[in-house]
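Source file final_18.tsv; content: TSV, C-alpha atoms and all ligand atoms.
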```tsv
chain	number	residue	atom	x	y	z
A	106	MET	CA	-7.80	31.57	-102.29
A	107	ASP	CA	-8.90	27.92	-102.59
A	108	ARG	CA	-6.24	25.36	-103.14
A	109	GLU	CA	-6.11	23.46	-106.41
A	110	PRO	CA	-8.17	20.31	-105.62
A	111	VAL	CA	-5.48	17.92	-106.74
A	112	GLU	CA	-2.98	19.55	-104.35
A	113	ALA	CA	-5.40	19.18	-101.45
A	114	LEU	CA	-6.00	15.56	-102.37
A	115	ARG	CA	-2.27	14.88	-102.69
A	116	GLU	CA	-1.68	16.22	-99.21
A	117	ALA	CA	-4.42	14.03	-97.71
A	118	ALA	CA	-3.37	10.99	-99.73
A	119	ALA	CA	-0.21	10.64	-97.64
A	120	ALA	CA	-2.44	9.16	-94.94
A	121	GLY	CA	-4.68	7.42	-97.49
A	122	VAL	CA	-8.09	8.57	-98.70
A	123	GLU	CA	-11.23	6.43	-98.92
A	124	TYR	CA	-14.33	8.50	-99.41
A	125	ASP	CA	-17.61	8.10	-101.31
A	126	GLY	CA	-16.02	5.64	-103.76
A	127	LEU	CA	-12.79	7.62	-104.21
A	128	SER	CA	-9.45	6.10	-103.19
A	129	ALA	CA	-6.20	8.05	-103.20
A	130	SER	CA	-2.74	7.14	-102.03
A	131	LEU	CA	0.85	8.21	-102.59
A	132	ASP	CA	3.36	5.95	-104.27
A	133	GLY	CA	6.53	7.89	-103.58
A	134	GLU	CA	5.74	11.30	-105.05
A	135	THR	CA	3.08	9.92	-107.36
A	136	LEU	CA	-0.57	10.39	-106.49
A	137	GLN	CA	-2.65	7.37	-107.37
A	138	VAL	CA	-6.39	7.80	-107.64
A	139	ALA	CA	-9.03	5.12	-108.10
A	140	VAL	CA	-12.80	5.40	-108.67
A	141	GLU	CA	-15.23	2.69	-109.65
A	142	ASP	CA	-13.15	0.36	-111.88
A	143	SER	CA	-10.65	3.00	-113.06
A	144	THR	CA	-7.31	4.07	-111.69
A	145	THR	CA	-4.95	6.83	-112.77
A	146	THR	CA	-1.76	8.46	-111.64
A	147	VAL	CA	-1.60	12.19	-111.20
A	148	ASP	CA	1.66	14.05	-111.60
A	149	ASP	CA	1.39	17.75	-112.27
A	150	ARG	CA	-2.08	17.57	-113.70
A	151	ARG	CA	-4.77	19.86	-112.47
A	152	LEU	CA	-8.27	18.59	-111.75
A	153	ASP	CA	-9.65	19.59	-115.14
A	154	ASP	CA	-6.94	17.55	-116.86
A	155	LEU	CA	-8.06	14.31	-115.23
A	156	PRO	CA	-10.15	11.78	-117.17
A	157	GLU	CA	-13.88	12.41	-116.80
A	158	PRO	CA	-14.84	9.64	-114.30
A	159	PHE	CA	-12.44	11.08	-111.70
A	160	VAL	CA	-13.56	14.69	-111.74
A	161	PRO	CA	-16.86	14.50	-109.81
A	162	TYR	CA	-15.32	12.18	-107.21
A	163	VAL	CA	-12.44	14.55	-106.54
A	164	ARG	CA	-14.72	17.60	-106.49
A	165	ASN	CA	-17.00	15.74	-104.07
A	166	TRP	CA	-14.09	14.91	-101.78
A	167	VAL	CA	-12.89	18.51	-101.90
A	168	TYR	CA	-16.33	19.84	-100.96
A	169	TRP	CA	-16.67	17.58	-97.95
A	170	HIS	CA	-13.10	18.08	-96.77
A	171	GLU	CA	-12.25	21.65	-97.68
A	172	THR	CA	-15.58	23.53	-97.74
A	173	ALA	CA	-18.31	21.80	-95.73
A	174	PRO	CA	-18.37	22.27	-91.93
A	175	GLN	CA	-16.36	19.59	-90.16
A	176	ARG	CA	-18.56	19.34	-87.07
A	177	PRO	CA	-19.96	15.80	-87.29
A	178	ALA	CA	-23.63	16.69	-86.67
A	179	PHE	CA	-23.67	19.45	-89.27
A	180	ARG	CA	-21.78	17.39	-91.77
A	181	ALA	CA	-24.14	14.43	-91.32
A	182	PHE	CA	-27.12	16.73	-91.77
A	183	LEU	CA	-25.79	18.19	-95.03
A	184	ARG	CA	-25.05	14.72	-96.34
A	185	TRP	CA	-28.54	13.58	-95.34
A	186	LEU	CA	-29.89	16.59	-97.22
A	187	GLU	CA	-28.39	15.44	-100.50
A	188	ARG	CA	-29.10	11.77	-99.79
A	189	ALA	CA	-25.47	10.74	-99.56
A	190	ASN	CA	-25.47	7.40	-97.81
A	191	ASP	CA	-22.81	7.44	-95.16
A	192	GLY	CA	-21.09	4.12	-94.85
A	193	GLU	CA	-22.57	2.69	-98.05
A	194	PRO	CA	-21.20	2.65	-101.59
A	195	SER	CA	-22.09	6.06	-102.91
A	196	ALA	CA	-22.68	6.70	-106.58
A	197	VAL	CA	-21.25	10.19	-106.83
A	198	PRO	CA	-22.06	10.75	-110.53
A	199	GLU	CA	-25.73	9.87	-109.94
A	200	ARG	CA	-25.81	12.13	-106.90
A	201	TYR	CA	-24.29	14.94	-108.92
A	202	ASP	CA	-26.93	14.47	-111.62
A	203	ALA	CA	-29.64	14.78	-108.96
A	204	LEU	CA	-27.94	17.84	-107.43
A	205	GLU	CA	-27.94	19.58	-110.83
A	206	THR	CA	-31.71	19.83	-110.64
A	207	GLY	CA	-31.87	19.93	-106.84
A	208	VAL	CA	-32.37	17.36	-104.06
A	209	THR	CA	-35.19	18.24	-101.69
A	210	ARG	CA	-35.89	17.21	-98.09
A	211	THR	CA	-38.37	18.35	-95.45
A	212	TRP	CA	-37.38	19.22	-91.89
A	213	GLY	CA	-40.45	20.09	-89.88
A	214	GLN	CA	-42.17	22.75	-91.94
A	215	LEU	CA	-38.97	23.60	-93.79
A	216	LEU	CA	-38.38	22.52	-97.36
A	217	LEU	CA	-34.65	22.38	-98.10
A	218	THR	CA	-33.12	21.95	-101.54
A	219	ALA	CA	-29.44	21.22	-102.15
A	220	ARG	CA	-27.99	22.13	-105.54
A	221	LEU	CA	-24.63	21.78	-107.22
A	222	SER	CA	-22.67	24.97	-107.72
A	223	GLU	CA	-19.36	25.98	-109.24
A	224	GLY	CA	-16.46	23.62	-108.58
A	225	GLY	CA	-18.65	21.00	-106.88
A	226	ARG	CA	-19.71	23.37	-104.11
A	227	ARG	CA	-23.27	23.20	-102.85
A	228	ARG	CA	-25.82	25.93	-102.46
A	229	TYR	CA	-29.00	25.53	-100.47
A	230	GLU	CA	-32.50	26.92	-100.80
A	231	LEU	CA	-34.98	27.01	-97.97
A	232	ARG	CA	-38.71	27.77	-97.99
A	233	HIS	CA	-41.91	26.73	-96.21
A	234	VAL	CA	-43.27	23.31	-97.22
A	235	ASP	CA	-46.58	24.94	-98.14
A	236	ASP	CA	-44.70	27.07	-100.69
A	237	ARG	CA	-43.33	24.02	-102.52
A	238	ASP	CA	-44.97	25.00	-105.82
A	239	VAL	CA	-44.98	28.77	-105.41
A	240	PRO	CA	-42.82	30.63	-107.98
A	241	ALA	CA	-39.75	32.14	-106.31
A	242	GLY	CA	-40.77	35.58	-107.56
A	243	ASP	CA	-43.94	35.42	-105.45
A	244	LEU	CA	-42.02	34.85	-102.21
A	245	GLN	CA	-40.27	37.38	-100.00
A	246	VAL	CA	-36.52	36.89	-100.30
A	247	HIS	CA	-34.36	36.68	-97.18
A	248	GLY	CA	-30.69	36.14	-96.58
A	249	GLY	CA	-29.59	34.97	-93.15
A	250	PRO	CA	-30.29	33.71	-89.64
A	251	ASN	CA	-31.50	37.07	-88.31
A	252	ASP	CA	-34.28	37.03	-90.89
A	253	ALA	CA	-35.17	33.48	-89.84
A	254	GLU	CA	-35.45	34.59	-86.23
A	255	THR	CA	-37.87	37.34	-87.27
A	256	ILE	CA	-39.98	34.98	-89.38
A	257	ALA	CA	-40.12	32.35	-86.64
A	258	ARG	CA	-41.20	34.76	-83.92
A	259	HIS	CA	-44.84	35.22	-84.95
A	260	ASP	CA	-47.42	33.10	-86.78
A	261	ASP	CA	-49.42	34.27	-89.77
A	262	ARG	CA	-51.88	36.02	-87.47
A	263	ASP	CA	-48.98	37.85	-85.83
A	264	ARG	CA	-49.30	35.93	-82.57
A	265	TYR	CA	-46.09	35.21	-80.67
A	266	ARG	CA	-44.95	31.59	-81.08
A	267	PRO	CA	-43.69	30.40	-77.67
A	268	LEU	CA	-42.78	26.98	-79.10
A	269	LYS	CA	-40.49	27.12	-82.13
A	270	THR	CA	-41.35	23.57	-83.17
A	271	ALA	CA	-45.10	24.23	-83.22
A	272	PRO	CA	-46.51	23.64	-86.74
A	273	THR	CA	-47.47	27.30	-87.01
A	274	LEU	CA	-44.56	28.65	-89.02
A	275	ARG	CA	-45.82	31.28	-91.42
A	276	SER	CA	-45.19	30.87	-95.14
A	277	GLY	CA	-44.42	33.25	-98.01
A	278	TRP	CA	-40.64	33.60	-97.62
A	279	LEU	CA	-37.58	32.25	-99.39
A	280	PHE	CA	-33.87	31.89	-98.60
A	281	PRO	CA	-32.78	31.28	-102.19
A	282	ASP	CA	-29.02	30.91	-102.02
A	283	LEU	CA	-27.29	29.84	-98.82
A	284	GLY	CA	-23.86	28.38	-98.29
A	285	PRO	CA	-23.38	25.34	-96.02
A	286	ASP	CA	-22.69	27.35	-92.85
A	287	GLU	CA	-25.56	29.71	-93.55
A	288	VAL	CA	-28.14	27.02	-94.16
A	289	LEU	CA	-27.18	25.35	-90.88
A	290	SER	CA	-27.54	28.66	-89.02
A	291	VAL	CA	-30.92	29.34	-90.59
A	292	VAL	CA	-32.25	25.86	-89.80
A	293	SER	CA	-30.96	26.21	-86.23
A	294	GLU	CA	-32.75	29.53	-85.91
A	295	PHE	CA	-36.05	28.02	-87.01
A	296	TYR	CA	-35.63	24.81	-85.01
A	297	PRO	CA	-32.89	25.16	-82.34
A	298	ALA	CA	-30.82	22.08	-81.48
A	299	THR	CA	-32.84	19.80	-83.75
A	300	ILE	CA	-29.83	18.94	-85.92
A	301	GLU	CA	-27.67	18.10	-82.92
A	302	ASN	CA	-30.35	15.90	-81.31
A	303	TRP	CA	-31.17	14.18	-84.61
A	304	PHE	CA	-27.48	13.38	-84.94
A	305	ARG	CA	-27.17	12.13	-81.36
A	306	GLU	CA	-30.11	9.83	-81.96
A	307	ARG	CA	-28.50	8.47	-85.13
A	308	GLU	CA	-25.29	7.85	-83.21
A	309	GLY	CA	-27.17	6.19	-80.35
A	310	THR	CA	-26.07	8.87	-77.87
A	311	LEU	CA	-29.31	10.80	-77.33
A	312	ASP	CA	-29.58	11.35	-73.60
A	313	VAL	CA	-33.28	11.36	-72.72
A	314	THR	CA	-34.56	12.96	-69.51
A	315	HIS	CA	-37.94	11.51	-68.59
A	316	TYR	CA	-40.70	13.54	-66.97
A	317	ARG	CA	-40.29	12.45	-63.34
A	318	GLU	CA	-36.57	13.14	-63.42
A	319	ALA	CA	-37.09	16.51	-65.14
A	320	ALA	CA	-39.84	17.41	-62.64
A	321	GLU	CA	-37.62	16.58	-59.66
A	322	ARG	CA	-35.07	19.09	-60.95
A	323	GLN	CA	-37.54	21.96	-60.99
A	324	THR	CA	-37.15	24.63	-58.35
A	325	GLY	CA	-39.10	27.67	-57.14
A	326	ARG	CA	-42.54	28.15	-58.64
A	327	TYR	CA	-42.21	25.04	-60.82
A	328	ARG	CA	-41.38	22.67	-57.98
A	329	SER	CA	-45.01	21.51	-57.81
A	330	VAL	CA	-44.90	19.82	-61.25
A	331	SER	CA	-43.48	16.69	-59.64
A	332	GLU	CA	-46.96	16.18	-58.14
A	333	LEU	CA	-48.73	15.95	-61.49
A	334	PRO	CA	-50.60	12.62	-61.41
A	335	SER	CA	-49.68	9.99	-64.02
A	336	GLU	CA	-53.05	10.13	-65.75
A	337	ALA	CA	-52.83	13.93	-65.98
A	338	LEU	CA	-49.33	13.61	-67.45
A	339	GLU	CA	-50.80	11.56	-70.31
A	340	TRP	CA	-53.46	14.21	-70.90
A	341	ALA	CA	-50.74	16.86	-70.85
A	342	ALA	CA	-48.61	15.03	-73.44
A	343	ASP	CA	-51.72	14.59	-75.57
A	344	ALA	CA	-52.45	18.31	-75.26
A	345	CYS	CA	-48.93	19.57	-76.08
A	346	CYS	CA	-46.73	17.00	-77.76
A	347	VAL	CA	-48.68	15.30	-80.56
A	348	ASP	CA	-47.87	16.20	-84.17
A	349	SER	CA	-50.71	18.70	-84.48
A	350	GLN	CA	-49.08	20.75	-81.71
A	351	CYS	CA	-45.34	20.09	-81.93
A	352	LEU	CA	-43.17	18.68	-84.71
A	353	LYS	CA	-40.64	17.08	-82.40
A	354	ARG	CA	-40.97	13.35	-81.85
A	355	ARG	CA	-41.38	12.81	-78.12
A	356	GLU	CA	-38.77	10.34	-76.86
A	357	TRP	CA	-39.30	10.97	-73.16
A	358	ASP	CA	-41.91	9.17	-71.05
A	359	GLU	CA	-43.02	9.29	-67.45
A	360	THR	CA	-39.94	7.21	-66.58
A	361	ALA	CA	-37.80	4.87	-68.67
A	362	ASP	CA	-40.03	1.99	-67.51
A	363	GLU	CA	-43.36	3.80	-67.68
A	364	PRO	CA	-44.18	4.81	-71.26
A	365	LEU	CA	-46.97	7.27	-71.90
A	366	ASP	CA	-49.87	5.93	-73.94
A	367	VAL	CA	-49.80	8.93	-76.29
A	368	PRO	CA	-48.56	9.04	-79.91
A	369	ARG	CA	-44.93	10.18	-80.03
A	370	GLY	CA	-45.16	11.89	-83.42
A	371	ASP	CA	-43.51	11.09	-86.74
A	372	GLY	CA	-41.05	13.98	-87.14
A	373	PRO	CA	-37.39	13.45	-88.04
A	374	PHE	CA	-36.03	15.18	-84.95
A	375	PRO	CA	-36.51	13.90	-81.40
A	376	CYS	CA	-37.57	15.65	-78.20
A	377	ARG	CA	-35.22	14.56	-75.45
A	378	GLU	CA	-36.90	16.15	-72.42
A	379	PRO	CA	-40.00	18.11	-71.42
A	380	CYS	CA	-39.53	21.65	-72.74
A	381	SER	CA	-40.13	24.85	-70.79
A	382	LEU	CA	-43.57	25.30	-72.37
A	383	PHE	CA	-44.56	21.82	-71.27
A	384	VAL	CA	-43.28	22.41	-67.74
A	385	ALA	CA	-45.19	25.70	-67.53
A	386	ALA	CA	-48.35	23.93	-68.70
A	387	ALA	CA	-47.73	21.09	-66.24
A	388	LYS	CA	-47.58	23.64	-63.42
A	389	GLU	CA	-51.04	24.91	-64.34
A	390	TRP	CA	-52.47	21.44	-64.59
A	391	THR	CA	-50.88	20.34	-61.32
A	392	SER	CA	-52.81	23.16	-59.61
A	393	LEU	CA	-56.03	22.23	-61.42
A	394	GLU	CA	-55.66	18.57	-60.52
A	395	ASP	CA	-55.33	19.59	-56.90
A	396	GLU	CA	-58.98	20.64	-56.84
A	397	ALA	CA	-61.65	18.22	-55.70
A	398	THR	CA	-64.34	17.34	-58.22
A	399	ARG	CA	-67.95	18.33	-57.62
A	400	THR	CA	-71.18	17.35	-59.26
A	401	TYR	CA	-73.18	19.96	-61.16
A	402	GLU	CA	-76.54	19.81	-62.83
A	403	ILE	CA	-77.36	21.77	-65.96
A	404	GLU	CA	-80.41	21.72	-68.21
A	405	LEU	CA	-79.49	21.59	-71.87
A	406	THR	CA	-81.21	20.42	-75.01
A	407	PRO	CA	-79.33	17.61	-76.81
A	408	SER	CA	-78.21	20.13	-79.43
A	409	GLU	CA	-76.87	22.43	-76.71
A	410	ARG	CA	-74.93	19.58	-75.17
A	411	ASP	CA	-73.42	18.82	-78.59
A	412	GLN	CA	-72.67	22.51	-79.00
A	413	LEU	CA	-70.62	22.63	-75.79
A	414	GLU	CA	-68.57	19.75	-77.13
A	415	ALA	CA	-68.16	21.50	-80.51
A	416	ILE	CA	-66.92	24.65	-78.78
A	417	VAL	CA	-64.33	22.74	-76.75
A	418	ASP	CA	-63.18	20.89	-79.89
A	419	ALA	CA	-62.88	24.09	-81.92
A	420	VAL	CA	-60.80	25.81	-79.24
A	421	ALA	CA	-58.60	22.74	-78.67
A	422	ASP	CA	-57.98	22.30	-82.40
A	423	GLY	CA	-57.30	26.00	-82.97
A	424	ARG	CA	-60.20	26.28	-85.46
A	425	VAL	CA	-62.10	29.14	-83.90
A	426	ASP	CA	-60.88	31.74	-86.40
A	427	GLU	CA	-61.75	29.49	-89.32
A	428	ILE	CA	-65.45	29.28	-88.44
A	429	ARG	CA	-67.25	31.84	-90.55
A	430	GLU	CA	-69.91	34.06	-89.05
A	431	ALA	CA	-72.40	32.83	-91.67
A	432	ASP	CA	-71.75	29.19	-90.71
A	433	LEU	CA	-74.55	29.00	-88.18
A	434	GLY	CA	-74.67	25.21	-88.42
A	435	ASP	CA	-71.31	24.94	-86.65
A	436	GLY	CA	-71.73	24.62	-82.88
A	437	ALA	CA	-68.68	26.85	-82.34
A	438	ASN	CA	-70.06	29.61	-84.56
A	439	ARG	CA	-69.74	32.91	-82.72
A	440	TYR	CA	-73.44	33.80	-82.97
A	441	ARG	CA	-74.46	30.36	-81.79
A	442	ALA	CA	-72.05	30.59	-78.86
A	443	ARG	CA	-73.40	34.02	-77.95
A	444	TYR	CA	-76.97	32.69	-78.18
A	445	LEU	CA	-76.10	29.82	-75.85
A	446	ARG	CA	-74.44	32.21	-73.42
A	447	ALA	CA	-77.47	34.53	-73.42
A	448	LYS	CA	-79.85	31.63	-72.91
A	449	ARG	CA	-77.99	29.47	-70.41
A	450	PHE	CA	-75.25	31.60	-68.84
A	451	GLY	CA	-76.59	35.13	-68.97
A	452	ASP	CA	-78.48	35.17	-65.68
A	453	VAL	CA	-75.96	35.63	-62.86
A	454	GLU	CA	-78.67	35.21	-60.22
A	455	SER	CA	-79.50	31.80	-61.59
A	456	PRO	CA	-76.28	30.27	-62.89
A	457	ALA	CA	-76.61	27.49	-65.45
A	458	PHE	CA	-74.56	25.02	-63.44
A	459	GLN	CA	-76.21	24.20	-60.16
A	460	GLU	CA	-73.99	22.46	-57.66
A	461	THR	CA	-75.88	19.39	-56.48
A	462	ASP	CA	-73.36	17.25	-54.71
A	463	ARG	CA	-69.75	17.02	-53.72
A	464	THR	CA	-67.41	14.18	-54.40
A	465	HIS	CA	-64.09	13.52	-52.79
A	466	GLY	CA	-60.87	14.78	-54.26
A	467	SER	CA	-57.47	15.90	-53.09
A	468	GLU	CA	-58.71	19.30	-51.91
A	469	GLU	CA	-59.43	19.39	-48.20
A	470	ASP	CA	-63.09	20.07	-47.44
A	471	THR	CA	-63.27	23.13	-45.14
A	472	SER	CA	-66.99	23.90	-45.45
A	473	ASP	CA	-68.02	22.57	-42.03
B	1	LIG	S1	-42.03	18.56	-74.57
B	1	LIG	FE1	-43.64	18.21	-76.05
B	1	LIG	S2	-44.23	20.26	-76.73
B	1	LIG	FE2	-42.23	20.46	-75.74
B	1	LIG	S3	-40.76	20.27	-77.43
B	1	LIG	FE3	-41.03	18.22	-76.56
B	1	LIG	S4	-42.63	17.25	-77.81
B	1	LIG	FE4	-42.69	19.47	-78.19
```
Just dump the structure as structure tokens.
Ligand code: SF4
Amino acid sequence: MDREPVEALREAAAAGVEYDGLSASLDGETLQVAVEDSTTTVDDRRLDDLPEPFVPYVRNWVYWHETAPQRPAFRAFLRWLERANDGEPSAVPERYDALETGVTRTWGQLLLTARLSEGGRRRYELRHVDDRDVPAGDLQVHGGPNDAETIARHDDRDRYRPLKTAPTLRSGWLFPDLGPDEVLSVVSEFYPATIENWFREREGTLDVTHYREAAERQTGRYRSVSELPSEALEWAADACCVDSQCLKRREWDETADEPLDVPRGDGPFPCREPCSLFVAAAKEWTSLEDEATRTYEIELTPSERDQLEAIVDAVADGRVDEIREADLGDGANRYRARYLRAKRFGDVESPAFQETDRTHGSEEDTSD
């Protein structure tokens, strides 16, 4: 059973309490409490007997010291959620007013709302940002981290999501009523280690591993990624790490002294080293960059040339499934692509791309 808040405060006051505008100390056996411009002494009174200005401050202290997780990263995250300003004068009554209706924050594609509950406790709601205005009754209700793991596994077209921070989280679900430990577990299931790295960055202790250092550590089939040329590394970061592909904010570069000329992203949580997906992609591109370039000649109308570009753009932007069959004006329309293939690529005896020349590259020429 929970302790009476005043008893918990009395015990802590022996060492002195200064928290969110609440001060408490012991004068002999007498508990002295101060908030804003008011002070009072507390003998045998229970919390509900205290004058009104003191109650929310004491409840707030009790929540953060008796109920909320004590691990610094988790605690900082929950305080960030309800916009409690660590280290600054905190207007607890105003914060409590806001928590009555709910304080909302976004974390990647998650929309988190903190609300006040019985005895100053907090409860948390979590849904997809796209469901911000959807009535709760229209969303599928879930209860814990295992459900989050299931939701996060596949996108809305049921394709496996290899990168949990890709902006492809499906919507339509709701975690309506989570306690502090539960909400942290659910967030960590959707976006592993993001809270811890966000906290490290705030504390100035984020240890970043840059690409060349990470590549040197690779062994076995990934050893080759250390040979990825610098220019190709920029293309790779542009392909994988920008906001349209990953919600982490890239903090690593080629080396500490060689920044990549690629947008880092605007997300709240940092990326401290190339992830396994990036390393796997880098392996592929290292092999591709090992090939020498050659010159080809192809006959295309200007519209066909534009169409090739439209197809590459549509695939790279993940828009292929959005292009309707009736939208024949779009270069990446399926019928138009099939027409182009039949016209320019259908004849295997006479391939569209005729090799006309060879230029030098890193591949050794063994044709002679
Ligand atoms: S390396 Fe790039 S893709 Fe991987 S988590 Fe970091 S920012 Fe995202």
At a cut-off of 9 Å and counting only C-alpha atoms and all ligand atoms, what residues surround ligand LIG 1 (chain B)? Please answer as an mmCIF file with C-alpha atoms, in the frame of the given file.
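This is the output file pocket-v2.cif:
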```cif
data_model
loop_
_atom_site.group_PDB
_atom_site.id
_atom_site.type_symbol
_atom_site.label_atom_id
_atom_site.label_comp_id
_atom_site.auth_asym_id
_atom_site.auth_seq_id
_atom_site.Cartn_x
_atom_site.Cartn_y
_atom_site.Cartn_z
ATOM 1 C CA LEU A 268 -42.780 26.980 -79.100
ATOM 2 C CA LYS A 269 -40.490 27.120 -82.130
ATOM 3 C CA THR A 270 -41.350 23.570 -83.170
ATOM 4 C CA ALA A 271 -45.100 24.230 -83.220
ATOM 5 C CA ALA A 341 -50.740 16.860 -70.850
ATOM 6 C CA ALA A 342 -48.610 15.030 -73.440
ATOM 7 C CA ASP A 343 -51.720 14.590 -75.570
ATOM 8 C CA ALA A 344 -52.450 18.310 -75.260
ATOM 9 C CA CYS A 345 -48.930 19.570 -76.080
ATOM 10 C CA CYS A 346 -46.730 17.000 -77.760
ATOM 11 C CA VAL A 347 -48.680 15.300 -80.560
ATOM 12 C CA ASP A 348 -47.870 16.200 -84.170
ATOM 13 C CA GLN A 350 -49.080 20.750 -81.710
ATOM 14 C CA CYS A 351 -45.340 20.090 -81.930
ATOM 15 C CA LEU A 352 -43.170 18.680 -84.710
ATOM 16 C CA LYS A 353 -40.640 17.080 -82.400
ATOM 17 C CA ARG A 354 -40.970 13.350 -81.850
ATOM 18 C CA ARG A 355 -41.380 12.810 -78.120
ATOM 19 C CA GLU A 356 -38.770 10.340 -76.860
ATOM 20 C CA TRP A 357 -39.300 10.970 -73.160
ATOM 21 C CA ARG A 369 -44.930 10.180 -80.030
ATOM 22 C CA GLY A 370 -45.160 11.890 -83.420
ATOM 23 C CA PRO A 375 -36.510 13.900 -81.400
ATOM 24 C CA CYS A 376 -37.570 15.650 -78.200
ATOM 25 C CA ARG A 377 -35.220 14.560 -75.450
ATOM 26 C CA GLU A 378 -36.900 16.150 -72.420
ATOM 27 C CA PRO A 379 -40.000 18.110 -71.420
ATOM 28 C CA CYS A 380 -39.530 21.650 -72.740
ATOM 29 C CA SER A 381 -40.130 24.850 -70.790
ATOM 30 C CA LEU A 382 -43.570 25.300 -72.370
ATOM 31 C CA PHE A 383 -44.560 21.820 -71.270
ATOM 32 C CA VAL A 384 -43.280 22.410 -67.740
#
```
Worksheet item: For the atom pair atom CA of Arg228 of chain A and atom CA of Gly277 of chain A, what is the interatomic distance in Å to one decimal place?
Response: 20.5 Å
Worksheet item: Could you pull the residues within 6 Å of segment 167-184 of chain A, counting all atoms listed in the file, minus those fewer than 3 positions along the same chain, as an MDAnalysis selection string?
Response: chainID A and resid 164 187 189 226 301 304
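Here atom CA of Arg446 of chain A and atom CA of Arg399 of chain A stand 22.0 Å from one another.
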Discussion item. Taking 5 positions as the minimum chain separation for residues in the same chain, which residues sit within 9 Å of Leu244 of chain A when counting all atoms listed in the file? Answer as a count of residues only.
Written reply: 7
Fill in: Close residues, segment 412-424 of chain A itself excluded, 8 Å, all atoms listed in the file, min 3 positions apart in chain, as a PyMOL selection string
chain A and resi 408-409+427-428+435-437+442
Worksheet, complete the sentence: Of A:Trp212, A:Gly133, A:Glu199, A:Glu339, the one sitting nearest Trp185 of chain A when using all atoms listed in the file is A:Trp212
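Here atom CA of Lys388 of chain A and atom CA of His315 of chain A stand 16.3 Å from one another.
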